[in-house]
Amino acid sequence: MRLGILGGGQLAWMLAQAAEPLGVSVAVLDPSPDAAAGRIAEHVAAAYDDLAGLDAVSAGADVVTYEFENIPAAAVARLAALGVTVLPLPASLTTTQDRAREKELMRGLGIHVAPYALIDAPADAAAALTQVGAPGILKTRRLGYDGKGQVRVATAADLPAAIRELGGTDLIYEGLVAFTRELSVVVARGTDGSLVAYPPVENEHRDGILSCTVAPAPALPPAQAEAAQAIGFAVAEALGHIGVLCVELFDTPDGIVANEIAPRVHNSGHWSIEGAVTSQFANHVRGVLGLPLGDPSARGVAAMVNIVGTEPELAALLAISGASVHTYGKAPRPGRKLGHVTLVAESSAALAAPLAQARALCAAAWDA
Ligand SMILES: Nc1ncnc2c1ncn2[C@@H]1O[C@H](COP(=O)(O)OP(=O)(O)O)[C@@H](O)[C@H]1O
Ligand SMILES: [Mg+2]
């Protein structure tokens with residue numbers, strides 16, 4: 001079998017790693033000449049809306065999938081015209097490319113989301129404040145990631161300037177959720193509608209970027225874990241999603257509040273390569289190719305620490321007990337994800353010391 005992937009970054013690289021033992025060959029489309037996945041997959045170096053590039057990445061492919069949600073509509077249309085099966089289906093993309101549609105979908109499913117109002121002109125500020133109040137966060141509806149395209153609004157008086165800063169239109173203003181911690185849940189859905197959910201995980205961010213994930217989320221009551229998984233299932237079913245999907249969540253004293261949906265493998269699921277029976281990458285490959293999904297159960301406990309900005313010394317990371325290092329081969333740059341370290345242990349107690357060591361090394365490299 002053969003899989004095409006739109007995007008050739010680290011997510012595509014890890015998808016290709018998961019595809020390889022199944023005998024599935026992979027081609028990726030990515031304009032960057034040094035795309036991470038190019039190390040192990042056929043790399044078509046062209047823009048995402050380049051017709052010849054789309055033809056090449058899909059040639060002979062059973063299915064084309066993607067590693068990011070901001071696929072140009074023109075690319076999806078071209079692949080459809082070629083008769084290529086693109087999975088997840090377009091509904092997953094169109095909904096998750098827009099924070100407003102995403103929230104509307106979840107609210108309609110009875111999932112709690114932050115109060116929000118849409119802003120399409122500076123004059124919408126007053127109504128948004130009446131509806132949502134302050135403090136809040138103003139976000140672009142589209143194309144935001146890693147905290148980009150967002151402005152914190154401390155008081156009502158700050159909203160007009162924030163609206164100007166973000167271009168005045170196509171914005172969403174959200175009330176600030178008073179969360180105790182951030183969680184996420186990764187689920188996979190097969191072409192036959194079968195569903196599996198990974199244990200919900202706890203995420204810590206720094207400068208808007210994921211810094212650390214602990215899996216399963218420590219001390220999450222079983223009812224809360226089930227509620228988080230039910231949110232993932234409901235979203236996947238409502239979208240008719242095929243493959244892996246992640247929902248970012250806030251843990252609050254009043255229960256779980258959903259933040260955003262990623263219709264793809266997610267950074268908070270990287271721990272599953274070593275920490276789960278079947279990784280999120282293997283399950284995405286299986287899901288989109290119509291193969292049976294694998295067991296998402298955790299094997300013991302795991303943590304993932306992102307390598308951001310610069311890389312710590314490899315030998316120092318490898319000296320940590322239970323550590324596996326994944327480096328993406330990307331040039332260092334402030335705020336850029338360059339790799340991650342996964343730590344697995346038999347118990348939370350056994351995980352604590354290695355996790356602290358990995359965090360210290362990666363934090364120093366992030367600051368360097
Ligand atoms: N409504 C909110 N209330 C509180 N914190 C929020 C809210 N929205 C976003 N955040 C914080 O900002 C981070 C990034 O926002 P998010 O919506 O996930 O955008 P991105 O696409 O950049 O990941 C979240 O992980 C969370 O820490
Ligand atoms: Mg997010």
# chains A, B, ... in the order shown; residues from 1 in each chain; ligands from 1
>>> residues_near_ligand(ligand="ligand 1", cutoff="10 Å", atoms="only C-alpha atoms and all ligand atoms", output="PyMOL selection string")
chain A and resi 99+113-116+135-152+173-179+181-184+203-210+247-250+257-262
>>> select_by_dssp(residues="range 224-339 of chain A", states="alpha helix (DSSP H)", output="ChimeraX atom specification")
/A:224-239,272-275,280-288,314-318
>>> select_by_dssp(residues="range 105-138 of chain A", states="strand (DSSP E)", output="mmCIF file with N, CA, C and O atoms, in the first residue's frame")
data_model
loop_
_atom_site.group_PDB
_atom_site.id
_atom_site.type_symbol
_atom_site.label_atom_id
_atom_site.label_comp_id
_atom_site.auth_asym_id
_atom_site.auth_seq_id
_atom_site.Cartn_x
_atom_site.Cartn_y
_atom_site.Cartn_z
ATOM 1 N N TYR A 116 -18.154 32.736 23.997
ATOM 2 C CA TYR A 116 -17.442 33.420 22.906
ATOM 3 C C TYR A 116 -18.385 34.278 22.086
ATOM 4 O O TYR A 116 -19.605 34.076 22.100
ATOM 5 N N ALA A 117 -17.782 35.227 21.390
ATOM 6 C CA ALA A 117 -18.526 36.085 20.471
ATOM 7 C C ALA A 117 -17.652 36.318 19.254
ATOM 8 O O ALA A 117 -16.426 36.390 19.361
ATOM 9 N N LEU A 118 -18.316 36.445 18.100
ATOM 10 C CA LEU A 118 -17.562 36.668 16.864
ATOM 11 C C LEU A 118 -17.396 38.164 16.628
ATOM 12 O O LEU A 118 -18.303 38.950 16.916
ATOM 13 N N ILE A 119 -16.230 38.536 16.119
ATOM 14 C CA ILE A 119 -15.953 39.939 15.849
ATOM 15 C C ILE A 119 -15.537 40.084 14.396
ATOM 16 O O ILE A 119 -14.524 39.533 13.965
ATOM 17 N N GLY A 136 -10.533 38.187 28.786
ATOM 18 C CA GLY A 136 -10.778 37.222 27.729
ATOM 19 C C GLY A 136 -9.560 37.095 26.834
ATOM 20 O O GLY A 136 -8.499 37.648 27.125
ATOM 21 N N ILE A 137 -9.724 36.339 25.770
ATOM 22 C CA ILE A 137 -8.647 36.190 24.777
ATOM 23 C C ILE A 137 -9.258 36.416 23.404
ATOM 24 O O ILE A 137 -10.295 35.823 23.080
ATOM 25 N N LEU A 138 -8.627 37.302 22.651
ATOM 26 C CA LEU A 138 -9.055 37.535 21.278
ATOM 27 C C LEU A 138 -8.167 36.705 20.360
ATOM 28 O O LEU A 138 -6.945 36.698 20.507
#
>>> residues_around(residues="range 155-169 of chain A", least_positions_apart="3", cutoff="6 Å", atoms="only C-alpha atoms", output="ChimeraX atom specification")
/A:120-122,134-135
>>> write_last_selection(atoms="C-alpha atoms", output="compact mmCIF listing (two decimals), in the first residue's frame")
# COMPACT_ATOMS: atom_id res chain seq x y z
CA ASP A 120 -16.08 41.03 12.23
CA ALA A 121 -15.69 44.77 12.75
CA PRO A 122 -14.40 47.10 15.50
CA ALA A 134 -13.53 40.50 30.50
CA PRO A 135 -10.88 39.19 30.94
>>> residues_around(residues="range 191-197 of chain A", least_positions_apart="2", cutoff="10 Å", atoms="only C-alpha atoms", output="mmCIF file with N, CA, C and O atoms, in the first residue's frame")
data_model
loop_
_atom_site.group_PDB
_atom_site.id
_atom_site.type_symbol
_atom_site.label_atom_id
_atom_site.label_comp_id
_atom_site.auth_asym_id
_atom_site.auth_seq_id
_atom_site.Cartn_x
_atom_site.Cartn_y
_atom_site.Cartn_z
ATOM 1 N N LEU A 87 -8.237 11.420 3.243
ATOM 2 C CA LEU A 87 -8.770 11.143 4.574
ATOM 3 C C LEU A 87 -7.870 11.787 5.623
ATOM 4 O O LEU A 87 -6.653 11.692 5.491
ATOM 5 N N PRO A 88 -8.412 12.398 6.660
ATOM 6 C CA PRO A 88 -9.818 12.615 6.951
ATOM 7 C C PRO A 88 -10.564 13.375 5.839
ATOM 8 O O PRO A 88 -9.948 14.081 5.065
ATOM 9 N N VAL A 185 -7.188 14.900 24.721
ATOM 10 C CA VAL A 185 -7.534 13.506 24.460
ATOM 11 C C VAL A 185 -7.347 13.234 22.974
ATOM 12 O O VAL A 185 -7.737 14.045 22.136
ATOM 13 N N VAL A 186 -6.694 12.135 22.672
ATOM 14 C CA VAL A 186 -6.497 11.708 21.287
ATOM 15 C C VAL A 186 -7.384 10.491 21.052
ATOM 16 O O VAL A 186 -7.395 9.558 21.874
ATOM 17 N N VAL A 187 -8.141 10.528 19.972
ATOM 18 C CA VAL A 187 -8.958 9.367 19.598
ATOM 19 C C VAL A 187 -8.645 9.004 18.147
ATOM 20 O O VAL A 187 -8.128 9.823 17.392
ATOM 21 N N ALA A 188 -8.944 7.781 17.791
ATOM 22 C CA ALA A 188 -8.813 7.359 16.394
ATOM 23 C C ALA A 188 -10.125 6.721 15.974
ATOM 24 O O ALA A 188 -10.779 6.029 16.764
ATOM 25 N N ARG A 189 -10.509 6.987 14.728
ATOM 26 C CA ARG A 189 -11.738 6.383 14.193
ATOM 27 C C ARG A 189 -11.401 5.726 12.863
ATOM 28 O O ARG A 189 -10.721 6.318 12.023
ATOM 29 N N PRO A 199 -5.619 7.309 26.774
ATOM 30 C CA PRO A 199 -5.893 7.925 28.063
ATOM 31 C C PRO A 199 -5.668 9.441 27.957
ATOM 32 O O PRO A 199 -4.697 9.857 27.320
ATOM 33 N N PRO A 200 -6.557 10.251 28.523
ATOM 34 C CA PRO A 200 -6.325 11.700 28.497
ATOM 35 C C PRO A 200 -5.000 12.032 29.181
ATOM 36 O O PRO A 200 -4.573 11.325 30.101
ATOM 37 N N GLU A 226 -13.284 9.435 31.431
ATOM 38 C CA GLU A 226 -14.316 8.960 30.501
ATOM 39 C C GLU A 226 -15.020 10.118 29.822
ATOM 40 O O GLU A 226 -15.351 10.053 28.635
ATOM 41 N N ALA A 228 -13.719 12.993 29.111
ATOM 42 C CA ALA A 228 -12.799 13.525 28.092
ATOM 43 C C ALA A 228 -12.816 12.636 26.852
ATOM 44 O O ALA A 228 -12.866 13.128 25.718
ATOM 45 N N GLN A 229 -12.790 11.329 27.058
ATOM 46 C CA GLN A 229 -12.815 10.416 25.921
ATOM 47 C C GLN A 229 -14.141 10.506 25.168
ATOM 48 O O GLN A 229 -14.176 10.441 23.928
ATOM 49 N N ALA A 230 -15.226 10.707 25.920
ATOM 50 C CA ALA A 230 -16.544 10.840 25.279
ATOM 51 C C ALA A 230 -16.590 12.086 24.402
ATOM 52 O O ALA A 230 -17.229 12.095 23.347
ATOM 53 N N GLY A 232 -13.991 13.347 22.795
ATOM 54 C CA GLY A 232 -13.254 12.974 21.579
ATOM 55 C C GLY A 232 -14.102 12.122 20.647
ATOM 56 O O GLY A 232 -14.140 12.356 19.431
ATOM 57 N N PHE A 233 -14.801 11.161 21.212
ATOM 58 C CA PHE A 233 -15.657 10.286 20.390
ATOM 59 C C PHE A 233 -16.782 11.082 19.722
ATOM 60 O O PHE A 233 -17.079 10.895 18.542
ATOM 61 N N ALA A 236 -15.397 13.175 16.893
ATOM 62 C CA ALA A 236 -14.998 12.336 15.752
ATOM 63 C C ALA A 236 -16.227 11.840 15.000
ATOM 64 O O ALA A 236 -16.255 11.834 13.759
ATOM 65 N N GLU A 237 -17.262 11.431 15.722
ATOM 66 C CA GLU A 237 -18.471 10.928 15.054
ATOM 67 C C GLU A 237 -19.226 12.042 14.347
ATOM 68 O O GLU A 237 -19.711 11.853 13.234
ATOM 69 N N GLY A 240 -17.619 12.745 11.207
ATOM 70 C CA GLY A 240 -17.388 11.593 10.331
ATOM 71 C C GLY A 240 -15.897 11.432 10.103
ATOM 72 O O GLY A 240 -15.440 11.013 9.031
ATOM 73 N N HIS A 241 -15.133 11.757 11.136
ATOM 74 C CA HIS A 241 -13.671 11.781 11.021
ATOM 75 C C HIS A 241 -13.112 10.379 10.802
ATOM 76 O O HIS A 241 -13.594 9.410 11.394
ATOM 77 N N ILE A 242 -12.077 10.293 9.973
ATOM 78 C CA ILE A 242 -11.336 9.035 9.795
ATOM 79 C C ILE A 242 -9.876 9.303 10.148
ATOM 80 O O ILE A 242 -9.279 10.250 9.639
ATOM 81 N N GLY A 243 -9.317 8.465 11.022
ATOM 82 C CA GLY A 243 -7.936 8.654 11.459
ATOM 83 C C GLY A 243 -7.910 9.254 12.857
ATOM 84 O O GLY A 243 -8.881 9.145 13.611
ATOM 85 N N VAL A 244 -6.791 9.886 13.182
ATOM 86 C CA VAL A 244 -6.595 10.399 14.541
ATOM 87 C C VAL A 244 -7.056 11.853 14.644
ATOM 88 O O VAL A 244 -6.918 12.631 13.699
ATOM 89 N N LEU A 245 -7.573 12.168 15.812
ATOM 90 C CA LEU A 245 -8.044 13.524 16.107
ATOM 91 C C LEU A 245 -7.725 13.821 17.569
ATOM 92 O O LEU A 245 -7.727 12.908 18.402
ATOM 93 N N CYS A 246 -7.432 15.081 17.862
ATOM 94 C CA CYS A 246 -7.132 15.458 19.245
ATOM 95 C C CYS A 246 -8.037 16.608 19.662
ATOM 96 O O CYS A 246 -8.275 17.527 18.881
ATOM 97 N N GLN A 280 -0.193 6.759 18.323
ATOM 98 C CA GLN A 280 -1.160 7.555 17.550
ATOM 99 C C GLN A 280 -0.807 7.532 16.060
ATOM 100 O O GLN A 280 -1.694 7.587 15.216
ATOM 101 N N ASN A 283 -1.925 4.249 14.603
ATOM 102 C CA ASN A 283 -3.384 4.199 14.498
ATOM 103 C C ASN A 283 -3.909 5.127 13.406
ATOM 104 O O ASN A 283 -4.926 4.838 12.770
ATOM 105 N N ARG A 286 -3.257 3.156 10.221
ATOM 106 C CA ARG A 286 -4.248 2.066 10.140
ATOM 107 C C ARG A 286 -5.626 2.617 9.796
ATOM 108 O O ARG A 286 -6.338 2.057 8.943
ATOM 109 N N GLY A 287 -6.009 3.682 10.478
ATOM 110 C CA GLY A 287 -7.356 4.239 10.302
ATOM 111 C C GLY A 287 -7.609 4.668 8.864
ATOM 112 O O GLY A 287 -8.616 4.283 8.264
ATOM 113 N N VAL A 288 -6.699 5.472 8.305
ATOM 114 C CA VAL A 288 -6.976 5.998 6.964
ATOM 115 C C VAL A 288 -6.858 4.920 5.889
ATOM 116 O O VAL A 288 -7.466 5.029 4.829
ATOM 117 N N LEU A 289 -6.091 3.855 6.174
ATOM 118 C CA LEU A 289 -5.959 2.782 5.180
ATOM 119 C C LEU A 289 -7.020 1.694 5.358
ATOM 120 O O LEU A 289 -6.991 0.673 4.674
ATOM 121 N N GLY A 290 -7.949 1.899 6.284
ATOM 122 C CA GLY A 290 -9.031 0.931 6.453
ATOM 123 C C GLY A 290 -8.608 -0.336 7.162
ATOM 124 O O GLY A 290 -9.272 -1.373 7.058
ATOM 125 N N LEU A 291 -7.515 -0.258 7.925
ATOM 126 C CA LEU A 291 -7.024 -1.416 8.683
ATOM 127 C C LEU A 291 -7.563 -1.360 10.108
ATOM 128 O O LEU A 291 -7.938 -0.291 10.587
ATOM 129 N N PRO A 292 -7.578 -2.496 10.811
ATOM 130 C CA PRO A 292 -8.083 -2.493 12.192
ATOM 131 C C PRO A 292 -7.234 -1.571 13.083
ATOM 132 O O PRO A 292 -6.008 -1.552 12.966
ATOM 133 N N LEU A 293 -7.908 -0.850 13.963
ATOM 134 C CA LEU A 293 -7.201 0.021 14.907
ATOM 135 C C LEU A 293 -6.549 -0.820 15.994
ATOM 136 O O LEU A 293 -7.012 -1.915 16.310
ATOM 137 N N GLY A 294 -5.463 -0.272 16.570
ATOM 138 C CA GLY A 294 -4.744 -0.983 17.617
ATOM 139 C C GLY A 294 -5.077 -0.451 19.000
ATOM 140 O O GLY A 294 -5.696 0.611 19.155
ATOM 141 N N ASP A 295 -4.631 -1.183 19.992
ATOM 142 C CA ASP A 295 -4.890 -0.897 21.403
ATOM 143 C C ASP A 295 -4.194 0.399 21.840
ATOM 144 O O ASP A 295 -2.966 0.494 21.769
ATOM 145 N N PRO A 296 -4.955 1.387 22.313
ATOM 146 C CA PRO A 296 -4.351 2.652 22.723
ATOM 147 C C PRO A 296 -3.894 2.682 24.188
ATOM 148 O O PRO A 296 -3.446 3.731 24.662
ATOM 149 N N SER A 297 -3.998 1.565 24.880
ATOM 150 C CA SER A 297 -3.689 1.565 26.313
ATOM 151 C C SER A 297 -2.247 1.986 26.582
ATOM 152 O O SER A 297 -1.334 1.662 25.822
#
>>> atom_distance(atom1="CA of Val301 in chain A", atom2="CA of Glu313 in chain A")
24.7 Å
>>> closest_residue(among="A:Ser272, A:Ser25, A:Ser347, A:Asn267", to="ligand 2", atoms="only C-alpha atoms and all ligand atoms")
A:Asn267
>>> residues_around(residues="range 38-41 of chain A", least_positions_apart="5", cutoff="8 Å", atoms="only C-alpha atoms", output="JSON, numbers by chain")
{"A": [8, 13, 16, 17, 25, 26, 27, 28]}
>>> write_last_selection(atoms="all heavy atoms", output="compact mmCIF listing (two decimals), in the first residue's frame")
# COMPACT_ATOMS: atom_id res chain seq x y z
N GLY A 8 5.37 17.69 5.29
CA GLY A 8 6.48 16.75 5.47
C GLY A 8 7.30 17.07 6.71
O GLY A 8 8.49 16.80 6.75
N TRP A 13 6.95 12.73 9.44
CA TRP A 13 8.12 11.86 9.66
C TRP A 13 7.73 10.69 10.56
O TRP A 13 8.06 9.53 10.29
CB TRP A 13 9.24 12.71 10.28
CG TRP A 13 10.48 11.98 10.67
CD1 TRP A 13 11.30 11.27 9.85
CD2 TRP A 13 11.05 11.91 11.98
NE1 TRP A 13 12.35 10.76 10.58
CE2 TRP A 13 12.22 11.15 11.88
CE3 TRP A 13 10.69 12.44 13.22
CZ2 TRP A 13 13.04 10.87 12.98
CZ3 TRP A 13 11.50 12.18 14.32
CH2 TRP A 13 12.66 11.40 14.19
N ALA A 16 5.42 8.33 8.78
CA ALA A 16 6.17 7.47 7.85
C ALA A 16 6.89 6.36 8.62
O ALA A 16 6.97 5.22 8.14
CB ALA A 16 7.17 8.32 7.05
N GLN A 17 7.39 6.68 9.81
CA GLN A 17 8.03 5.65 10.63
C GLN A 17 7.03 4.55 10.99
O GLN A 17 7.38 3.37 11.05
CB GLN A 17 8.57 6.25 11.93
CG GLN A 17 9.82 7.08 11.72
CD GLN A 17 10.29 7.75 13.00
OE1 GLN A 17 9.63 7.65 14.04
NE2 GLN A 17 11.41 8.42 12.93
N SER A 25 4.42 2.31 1.74
CA SER A 25 5.38 3.32 1.29
C SER A 25 4.73 4.70 1.39
O SER A 25 3.50 4.83 1.34
CB SER A 25 5.86 3.03 -0.12
OG SER A 25 4.78 3.19 -1.03
N VAL A 26 5.56 5.72 1.57
CA VAL A 26 5.04 7.07 1.86
C VAL A 26 5.69 8.10 0.95
O VAL A 26 6.90 8.07 0.72
CB VAL A 26 5.30 7.43 3.34
CG1 VAL A 26 4.92 8.90 3.62
CG2 VAL A 26 4.53 6.50 4.28
N ALA A 27 4.86 9.01 0.43
CA ALA A 27 5.36 10.20 -0.26
C ALA A 27 4.80 11.42 0.46
O ALA A 27 3.63 11.40 0.89
CB ALA A 27 4.90 10.20 -1.71
N VAL A 28 5.62 12.44 0.64
CA VAL A 28 5.14 13.66 1.30
C VAL A 28 5.28 14.84 0.35
O VAL A 28 6.19 14.89 -0.47
CB VAL A 28 5.90 13.96 2.62
CG1 VAL A 28 5.79 12.78 3.57
CG2 VAL A 28 7.38 14.30 2.38
>>> closest_residue(among="A:Ala350, A:Leu338, A:Val308, A:Leu15", to="Ala368 in chain A", atoms="only C-alpha atoms")
A:Val308
>>> closest_residue(among="A:Pro354, A:Gly339, A:Pro31, A:Gly7", to="Arg264 in chain A", atoms="only C-alpha atoms")
A:Gly7
>>> atom_distance(atom1="CA of Val86 in chain A", atom2="CA of Gly4 in chain A")
9.1 Å
>>> closest_residue(among="A:Val285, A:His266, A:Ala74, A:Ala349", to="ligand 2", atoms="only C-alpha atoms and all ligand atoms")
A:His266
>>> residues_around(residues="Leu93 in chain A", least_positions_apart="3", cutoff="7 Å", atoms="only C-alpha atoms", output="short mmCIF file (atom, residue, chain, number, x, y, z; two decimals) with all heavy atoms, in the first residue's frame")
data_model
loop_
_atom_site.label_atom_id
_atom_site.label_comp_id
_atom_site.auth_asym_id
_atom_site.auth_seq_id
_atom_site.Cartn_x
_atom_site.Cartn_y
_atom_site.Cartn_z
N GLU A 69 -3.79 21.25 9.45
CA GLU A 69 -5.18 21.47 9.04
C GLU A 69 -5.36 22.62 8.06
O GLU A 69 -6.44 22.81 7.54
CB GLU A 69 -6.09 21.64 10.25
CG GLU A 69 -5.65 22.63 11.29
CD GLU A 69 -4.76 21.98 12.34
OE1 GLU A 69 -3.77 21.31 11.96
OE2 GLU A 69 -5.03 22.15 13.53
N PRO A 90 -13.25 16.05 3.95
CA PRO A 90 -13.24 17.52 4.00
C PRO A 90 -13.95 18.13 5.21
O PRO A 90 -13.54 19.19 5.68
CB PRO A 90 -13.96 17.91 2.70
CG PRO A 90 -13.70 16.78 1.78
CD PRO A 90 -13.66 15.54 2.64
N THR A 96 -12.43 22.41 11.43
CA THR A 96 -11.33 22.70 12.35
C THR A 96 -10.43 23.83 11.87
O THR A 96 -9.58 24.30 12.61
CB THR A 96 -10.48 21.44 12.62
OG1 THR A 96 -9.91 21.01 11.38
CG2 THR A 96 -11.32 20.33 13.21
N GLN A 97 -10.61 24.27 10.62
CA GLN A 97 -9.83 25.43 10.15
C GLN A 97 -10.37 26.73 10.73
O GLN A 97 -9.75 27.77 10.59
CB GLN A 97 -9.89 25.51 8.61
CG GLN A 97 -8.98 24.50 7.92
CD GLN A 97 -9.11 24.53 6.40
OE1 GLN A 97 -10.06 25.09 5.86
NE2 GLN A 97 -8.17 23.91 5.72
N PRO A 263 -7.48 17.98 13.72
CA PRO A 263 -7.97 16.80 12.98
C PRO A 263 -6.82 15.93 12.48
O PRO A 263 -6.76 15.55 11.32
CB PRO A 263 -8.70 17.44 11.80
CG PRO A 263 -7.86 18.65 11.49
CD PRO A 263 -7.34 19.15 12.83
#
>>> atom_distance(atom1="CA of Glu202 in chain A", atom2="CA of Ala352 in chain A")
14.5 Å
>>> closest_residue(among="A:Cys212, A:Ile172, A:Asn70, A:Ser268", to="ligand 2", atoms="only C-alpha atoms and all ligand atoms")
A:Ser268
>>> decode(residues="range 7-15 of chain A", atoms="all heavy atoms", output="CSV table (one decimal), in the first residue's frame")
chain,number,residue,atom,x,y,z
A,7,GLY,N,2.2,17.8,3.7
A,7,GLY,CA,3.1,18.3,4.8
A,7,GLY,C,4.1,17.2,5.1
A,7,GLY,O,3.9,16.0,5.0
A,8,GLY,N,5.4,17.7,5.3
A,8,GLY,CA,6.5,16.8,5.5
A,8,GLY,C,7.3,17.1,6.7
A,8,GLY,O,8.5,16.8,6.8
A,9,GLY,N,6.7,17.6,7.7
A,9,GLY,CA,7.3,18.0,9.0
A,9,GLY,C,7.5,16.8,9.9
A,9,GLY,O,7.4,15.6,9.4
A,10,GLN,N,7.7,17.0,11.2
A,10,GLN,CA,7.9,15.9,12.1
A,10,GLN,C,6.7,15.0,12.2
A,10,GLN,O,6.9,13.8,12.5
A,10,GLN,CB,8.4,16.4,13.5
A,10,GLN,CG,7.4,17.3,14.2
A,10,GLN,CD,7.6,18.8,14.0
A,10,GLN,OE1,8.2,19.2,13.0
A,10,GLN,NE2,7.2,19.6,14.9
A,11,LEU,N,5.5,15.5,12.1
A,11,LEU,CA,4.4,14.6,12.2
A,11,LEU,C,4.3,13.6,11.1
A,11,LEU,O,4.1,12.4,11.3
A,11,LEU,CB,3.1,15.4,12.3
A,11,LEU,CG,3.0,16.5,13.4
A,11,LEU,CD1,1.6,17.2,13.4
A,11,LEU,CD2,3.1,15.8,14.8
A,12,ALA,N,4.6,14.1,9.9
A,12,ALA,CA,4.7,13.2,8.7
A,12,ALA,C,5.9,12.3,8.9
A,12,ALA,O,5.8,11.1,8.5
A,12,ALA,CB,4.9,14.1,7.4
A,13,TRP,N,7.0,12.7,9.4
A,13,TRP,CA,8.1,11.9,9.7
A,13,TRP,C,7.7,10.7,10.6
A,13,TRP,O,8.1,9.5,10.3
A,13,TRP,CB,9.2,12.7,10.3
A,13,TRP,CG,10.5,12.0,10.7
A,13,TRP,CD1,11.3,11.3,9.8
A,13,TRP,CD2,11.0,11.9,12.0
A,13,TRP,NE1,12.4,10.8,10.6
A,13,TRP,CE2,12.2,11.1,11.9
A,13,TRP,CE3,10.7,12.4,13.2
A,13,TRP,CZ2,13.0,10.9,13.0
A,13,TRP,CZ3,11.5,12.2,14.3
A,13,TRP,CH2,12.7,11.4,14.2
A,14,MET,N,7.0,11.0,11.6
A,14,MET,CA,6.6,9.9,12.6
A,14,MET,C,5.5,9.0,12.0
A,14,MET,O,5.4,7.8,12.2
A,14,MET,CB,6.3,10.5,13.9
A,14,MET,CG,7.5,11.0,14.6
A,14,MET,SD,7.3,11.7,16.3
A,14,MET,CE,6.9,13.4,15.9
A,15,LEU,N,4.7,9.6,11.1
A,15,LEU,CA,3.7,8.8,10.4
A,15,LEU,C,4.4,7.8,9.5
A,15,LEU,O,4.0,6.7,9.4
A,15,LEU,CB,2.7,9.7,9.6
A,15,LEU,CG,1.6,10.4,10.4
A,15,LEU,CD1,0.9,11.5,9.5
A,15,LEU,CD2,0.6,9.4,11.0
